[in-house]
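Scroll down for the structure; my scribbles are underneath it.
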Amino acid sequence: MRFNKVLDGIKTYEAGKPIELVVREFGVKPEDVVKLASNENPIGTSPAVAETIRNHAEKAHLYPDDSMFELKEALAQKFDVDEGNIIIGAGSDQVLEFISRALLNETESVLMSAVTFAMYEIYAKQMGAKIYRTASYAHKYDEFMEAYKMYHPKIVYICTPNNPTGDATPKEEVLRIIEAVDRDTLVVVDGAYMEYAAAKDAAMAITPADLIGYEHVIYLGTFSKAYGLGGMRVGYGIAQPQIISQLYKMRPPFNITTLSLAAAITAAKDETFVRDSVALHQQQIKRYEAFAKENGFDYIDSYTNFITYLFPEDMDSTAISDALLKRGVIIRNLASYGMNAVRITVGTARQNDIFFKHFSEVIG
Ligand SMILES: *Cc1c(COP(=O)(O)O)cnc(C)c1O
């Protein structure tokens, strides 16, 4: 069968490996598997959210409220924007897909940093668009503007904090890029890890309200990381209404589930859970920084819930990730990004103890 030829250039996204796979392939007991590969919240689901999900279990036969009014109202209050500024997606991933389908075709291009979230490229390639990248993984004004003037891309992606590297871009720098590009280019500011960055350094904190005055910008956020709802698939885009109304044309009806919607409404109001999650993370990540220094390798200063270890030549990220996997420790190898590096989601104290033990043995 002949498939659409744009598919030839697309590599299937490789998601973090599930616990079930490690149990099946390596015979590790499920309770001994430590999953630090997908940047989920290690604390788990907030008790208030779990209760909401249980309370909605008997409503699974009903479609959700397709207006998603209550969730939009909660987000509008939290971020000081209007309900009409918001679109909800099955993860912010789905909003990225809407954006790509609404703006791109074979004659357009997109611009992103050298190493960034893999789905930007995949969604753009699905539309036949060309991909341009800057030289650095950090989002640098000069590099972005040089490439921007050369290619005039339809979309500029700014992932801050950046995944899979963990670095963040100061708000000043993001605003400079936004100001400098033409109003017919959409700037996507992906703040999937913004809760962590904002808690660490106010200079990196960007809120939707900071950007809502621009007619060519959309801010993306997600419930999958700090809010602990990766399994529920809820994210959002916040922009001026003329952007939101166009993206709505790409949205299938009932695009998140009845349980997801209920869960996200409770989560949006559960500020304590996010604060506690970030606080635990800030303690535990110090151990990862100390561990790298003790073992003589480098890391990228992280503004996210993960840390990226950069290995010297005599340490191979693929061999290390594979050896850890056999021991039931799942982390993310960054070899496919052209880096001899691994990305590790910072876990609970207990998970991190297990990681350090196995890692020491593997490299020892
Ligand atoms: C996790 C992540 C997302 C989206 O996750 P969803 O689960 O689809 O909401 C978007 N961007 C980045 C950079 C991410 O790391």
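Each chain in the structure tokens gets a letter, A, B, ..., in the order shown, and its residues are numbered from 1; ligands are numbered from 1 in order too.
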What residues have any atom no more than 6 Å from ligand 1 when counting only C-alpha atoms and all ligand atoms, and can you list them as a ChimeraX atom specification? /A:91-93,117,159,163,190,192,222,224,230,233-235
Selected residues, C-alpha atoms, written as a PDB file, in the first residue's frame, please.
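File part.pdb, as written:
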```pdb
ATOM      1  CA  GLY A  91      -2.365  16.495  26.728  1.00  0.00           C
ATOM      2  CA  SER A  92      -0.731  19.676  25.450  1.00  0.00           C
ATOM      3  CA  ASP A  93       0.502  17.300  22.775  1.00  0.00           C
ATOM      4  CA  PHE A 117      10.694  18.192  22.431  1.00  0.00           C
ATOM      5  CA  CYS A 159      10.356  25.114  24.979  1.00  0.00           C
ATOM      6  CA  ASN A 163      12.937  18.948  27.378  1.00  0.00           C
ATOM      7  CA  ASP A 190       5.743  25.425  25.770  1.00  0.00           C
ATOM      8  CA  ALA A 192       5.219  21.969  30.400  1.00  0.00           C
ATOM      9  CA  THR A 222      -0.064  20.507  30.971  1.00  0.00           C
ATOM     10  CA  SER A 224       0.918  15.694  33.148  1.00  0.00           C
ATOM     11  CA  GLY A 230       0.102  12.033  33.066  1.00  0.00           C
ATOM     12  CA  ARG A 233      -4.071  13.248  29.282  1.00  0.00           C
ATOM     13  CA  VAL A 234      -5.063  16.885  29.859  1.00  0.00           C
ATOM     14  CA  GLY A 235      -3.235  19.976  28.631  1.00  0.00           C
TER      15      GLY A 235
END
```
Give the alpha helix (DSSP H) residues of stretch 65-205 of chain A, as assigned by DSSP on the backbone, as a CSV table (one decimal) with N, CA and C atoms, in the first residue's frame.
```csv
chain,number,residue,atom,x,y,z
A,69,PHE,N,-16.5,24.0,30.5
A,69,PHE,CA,-16.5,25.3,31.1
A,69,PHE,C,-15.9,25.4,32.5
A,70,GLU,N,-16.1,24.4,33.3
A,70,GLU,CA,-15.6,24.5,34.7
A,70,GLU,C,-14.1,24.4,34.7
A,71,LEU,N,-13.5,23.6,33.8
A,71,LEU,CA,-12.0,23.6,33.8
A,71,LEU,C,-11.5,24.9,33.2
A,72,LYS,N,-12.1,25.4,32.2
A,72,LYS,CA,-11.6,26.7,31.7
A,72,LYS,C,-11.8,27.8,32.7
A,73,GLU,N,-12.9,27.8,33.5
A,73,GLU,CA,-13.1,28.8,34.5
A,73,GLU,C,-12.0,28.7,35.5
A,74,ALA,N,-11.6,27.5,35.9
A,74,ALA,CA,-10.5,27.3,36.9
A,74,ALA,C,-9.2,27.8,36.4
A,75,LEU,N,-8.9,27.5,35.1
A,75,LEU,CA,-7.7,27.9,34.5
A,75,LEU,C,-7.7,29.4,34.3
A,76,ALA,N,-8.8,30.0,33.9
A,76,ALA,CA,-8.9,31.4,33.7
A,76,ALA,C,-8.6,32.2,35.0
A,77,GLN,N,-9.2,31.7,36.1
A,77,GLN,CA,-8.9,32.3,37.4
A,77,GLN,C,-7.5,32.2,37.8
A,78,LYS,N,-6.9,31.0,37.6
A,78,LYS,CA,-5.5,30.7,38.1
A,78,LYS,C,-4.6,31.6,37.3
A,79,PHE,N,-4.8,31.8,36.0
A,79,PHE,CA,-3.9,32.5,35.2
A,79,PHE,C,-4.3,34.0,34.8
A,92,SER,N,-1.1,18.5,26.3
A,92,SER,CA,-0.7,19.7,25.4
A,92,SER,C,-0.2,19.2,24.1
A,93,ASP,N,0.2,17.9,24.1
A,93,ASP,CA,0.5,17.3,22.8
A,93,ASP,C,-0.6,17.5,21.7
A,94,GLN,N,-1.8,17.3,22.2
A,94,GLN,CA,-2.9,17.5,21.2
A,94,GLN,C,-3.1,18.9,20.7
A,95,VAL,N,-2.8,19.9,21.6
A,95,VAL,CA,-2.8,21.3,21.2
A,95,VAL,C,-1.7,21.5,20.2
A,96,LEU,N,-0.5,20.9,20.4
A,96,LEU,CA,0.6,21.1,19.4
A,96,LEU,C,0.1,20.5,18.0
A,97,GLU,N,-0.6,19.4,18.1
A,97,GLU,CA,-1.1,18.9,16.8
A,97,GLU,C,-2.1,19.8,16.1
A,98,PHE,N,-3.0,20.4,16.9
A,98,PHE,CA,-4.0,21.3,16.3
A,98,PHE,C,-3.2,22.5,15.7
A,99,ILE,N,-2.2,23.0,16.4
A,99,ILE,CA,-1.5,24.2,15.9
A,99,ILE,C,-0.8,23.8,14.5
A,100,SER,N,-0.2,22.6,14.5
A,100,SER,CA,0.5,22.2,13.3
A,100,SER,C,-0.5,22.1,12.1
A,101,ARG,N,-1.6,21.4,12.4
A,101,ARG,CA,-2.6,21.2,11.3
A,101,ARG,C,-3.2,22.5,10.9
A,102,ALA,N,-3.4,23.5,11.8
A,102,ALA,CA,-4.0,24.7,11.5
A,102,ALA,C,-3.1,25.7,10.6
A,103,LEU,N,-1.8,25.5,10.8
A,103,LEU,CA,-0.9,26.5,10.2
A,103,LEU,C,0.0,26.0,9.1
A,118,ALA,N,10.5,16.3,21.0
A,118,ALA,CA,10.5,15.6,19.7
A,118,ALA,C,9.2,15.7,18.9
A,119,MET,N,8.1,16.0,19.6
A,119,MET,CA,6.8,16.0,18.9
A,119,MET,C,6.7,17.3,18.0
A,120,TYR,N,7.4,18.3,18.3
A,120,TYR,CA,7.3,19.5,17.4
A,120,TYR,C,7.7,19.1,15.9
A,121,GLU,N,8.8,18.3,15.8
A,121,GLU,CA,9.2,17.9,14.5
A,121,GLU,C,8.2,16.9,13.9
A,122,ILE,N,7.7,16.0,14.7
A,122,ILE,CA,6.8,14.9,14.1
A,122,ILE,C,5.5,15.6,13.6
A,123,TYR,N,4.9,16.4,14.4
A,123,TYR,CA,3.7,17.1,13.9
A,123,TYR,C,3.9,17.9,12.7
A,124,ALA,N,5.0,18.6,12.7
A,124,ALA,CA,5.3,19.5,11.5
A,124,ALA,C,5.6,18.6,10.3
A,125,LYS,N,6.3,17.5,10.4
A,125,LYS,CA,6.6,16.7,9.3
A,125,LYS,C,5.3,16.0,8.8
A,126,GLN,N,4.3,15.7,9.7
A,126,GLN,CA,3.1,15.2,9.2
A,126,GLN,C,2.4,16.1,8.2
A,141,TYR,N,18.7,34.2,21.5
A,141,TYR,CA,18.1,35.3,20.7
A,141,TYR,C,18.8,35.4,19.3
A,142,ASP,N,20.1,35.5,19.4
A,142,ASP,CA,20.9,35.7,18.1
A,142,ASP,C,20.7,34.5,17.1
A,143,GLU,N,20.8,33.3,17.7
A,143,GLU,CA,20.6,32.2,16.8
A,143,GLU,C,19.2,32.1,16.2
A,144,PHE,N,18.2,32.3,17.1
A,144,PHE,CA,16.9,32.3,16.6
A,144,PHE,C,16.6,33.3,15.5
A,145,MET,N,17.1,34.5,15.7
A,145,MET,CA,16.8,35.6,14.8
A,145,MET,C,17.6,35.4,13.5
A,146,GLU,N,18.8,34.9,13.6
A,146,GLU,CA,19.5,34.6,12.3
A,146,GLU,C,18.8,33.6,11.5
A,147,ALA,N,18.3,32.5,12.1
A,147,ALA,CA,17.6,31.5,11.3
A,147,ALA,C,16.2,32.0,10.9
A,148,TYR,N,15.6,32.8,11.8
A,148,TYR,CA,14.3,33.4,11.4
A,148,TYR,C,14.4,34.2,10.2
A,149,LYS,N,15.4,35.1,10.1
A,149,LYS,CA,15.5,36.0,8.9
A,149,LYS,C,15.8,35.2,7.7
A,150,MET,N,16.5,34.1,7.8
A,150,MET,CA,16.9,33.3,6.7
A,150,MET,C,15.7,32.5,6.1
A,151,TYR,N,14.9,31.9,7.0
A,151,TYR,CA,13.9,30.9,6.6
A,151,TYR,C,12.4,31.4,6.7
A,171,LYS,N,12.7,35.0,30.9
A,171,LYS,CA,11.6,35.6,30.3
A,171,LYS,C,12.0,36.8,29.4
A,172,GLU,N,13.0,37.5,29.8
A,172,GLU,CA,13.4,38.6,28.9
A,172,GLU,C,13.8,38.2,27.5
A,173,GLU,N,14.5,37.1,27.5
A,173,GLU,CA,15.0,36.6,26.2
A,173,GLU,C,13.8,36.1,25.3
A,174,VAL,N,12.9,35.4,26.0
A,174,VAL,CA,11.7,34.9,25.3
A,174,VAL,C,10.9,36.1,24.7
A,175,LEU,N,10.7,37.2,25.5
A,175,LEU,CA,10.0,38.3,25.0
A,175,LEU,C,10.7,39.0,23.9
A,176,ARG,N,12.0,39.0,24.0
A,176,ARG,CA,12.8,39.7,22.9
A,176,ARG,C,12.6,38.9,21.5
A,177,ILE,N,12.5,37.6,21.6
A,177,ILE,CA,12.3,36.8,20.4
A,177,ILE,C,10.9,37.1,19.9
A,178,ILE,N,9.9,37.1,20.8
A,178,ILE,CA,8.5,37.3,20.4
A,178,ILE,C,8.4,38.7,19.8
A,179,GLU,N,9.0,39.7,20.4
A,179,GLU,CA,8.9,41.1,19.8
A,179,GLU,C,9.5,41.2,18.4
A,180,ALA,N,10.5,40.4,18.2
A,180,ALA,CA,11.3,40.5,16.9
A,180,ALA,C,10.7,39.8,15.7
A,194,MET,N,6.9,24.6,33.7
A,194,MET,CA,7.0,25.9,34.2
A,194,MET,C,6.9,26.0,35.7
A,195,GLU,N,6.1,25.1,36.3
A,195,GLU,CA,5.9,25.2,37.8
A,195,GLU,C,7.3,25.0,38.5
A,196,TYR,N,8.1,24.1,37.9
A,196,TYR,CA,9.4,23.9,38.5
A,196,TYR,C,10.4,25.1,38.3
A,197,ALA,N,10.4,25.6,37.1
A,197,ALA,CA,11.2,26.7,36.8
A,197,ALA,C,10.9,28.0,37.6
A,198,ALA,N,9.6,28.2,37.7
A,198,ALA,CA,9.1,29.4,38.5
A,198,ALA,C,9.5,29.4,39.9
A,199,ALA,N,9.5,28.1,40.5
A,199,ALA,CA,9.8,28.0,41.9
A,199,ALA,C,11.3,28.1,42.1
A,200,LYS,N,12.1,27.9,41.1
A,200,LYS,CA,13.6,27.9,41.3
A,200,LYS,C,14.1,29.3,41.0
```
I want to know what sits within 6 Å of stretch 259-265 of chain A, based on only C-alpha atoms, with residues of the same chain fewer than 3 positions away left out; could you give that as a VMD selection string? chain A and resid 49 53 71 232 268
Looking at A:Ile19, A:Pro252, A:Thr304, A:Gln242, which one is nearest to A:Tyr193, with distances taken over only C-alpha atoms? A:Thr304
For stretch 278-284 of chain A: contacts at 9 Å, only C-alpha atoms, fewer than 4 positions along chain excluded, given as a PyMOL selection string: chain A and resi 42-43+195-196+199-200+226+273-274+288+305-306+346-349+352
I want to know what sits within 6 Å of A:Thr185, based on only C-alpha atoms, with residues of the same chain fewer than 2 positions away left out; could you give that as a list in words?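 Here the qualifying residues turn out to be Lys154, Ile155, Asp182 and Arg183 of chain A.
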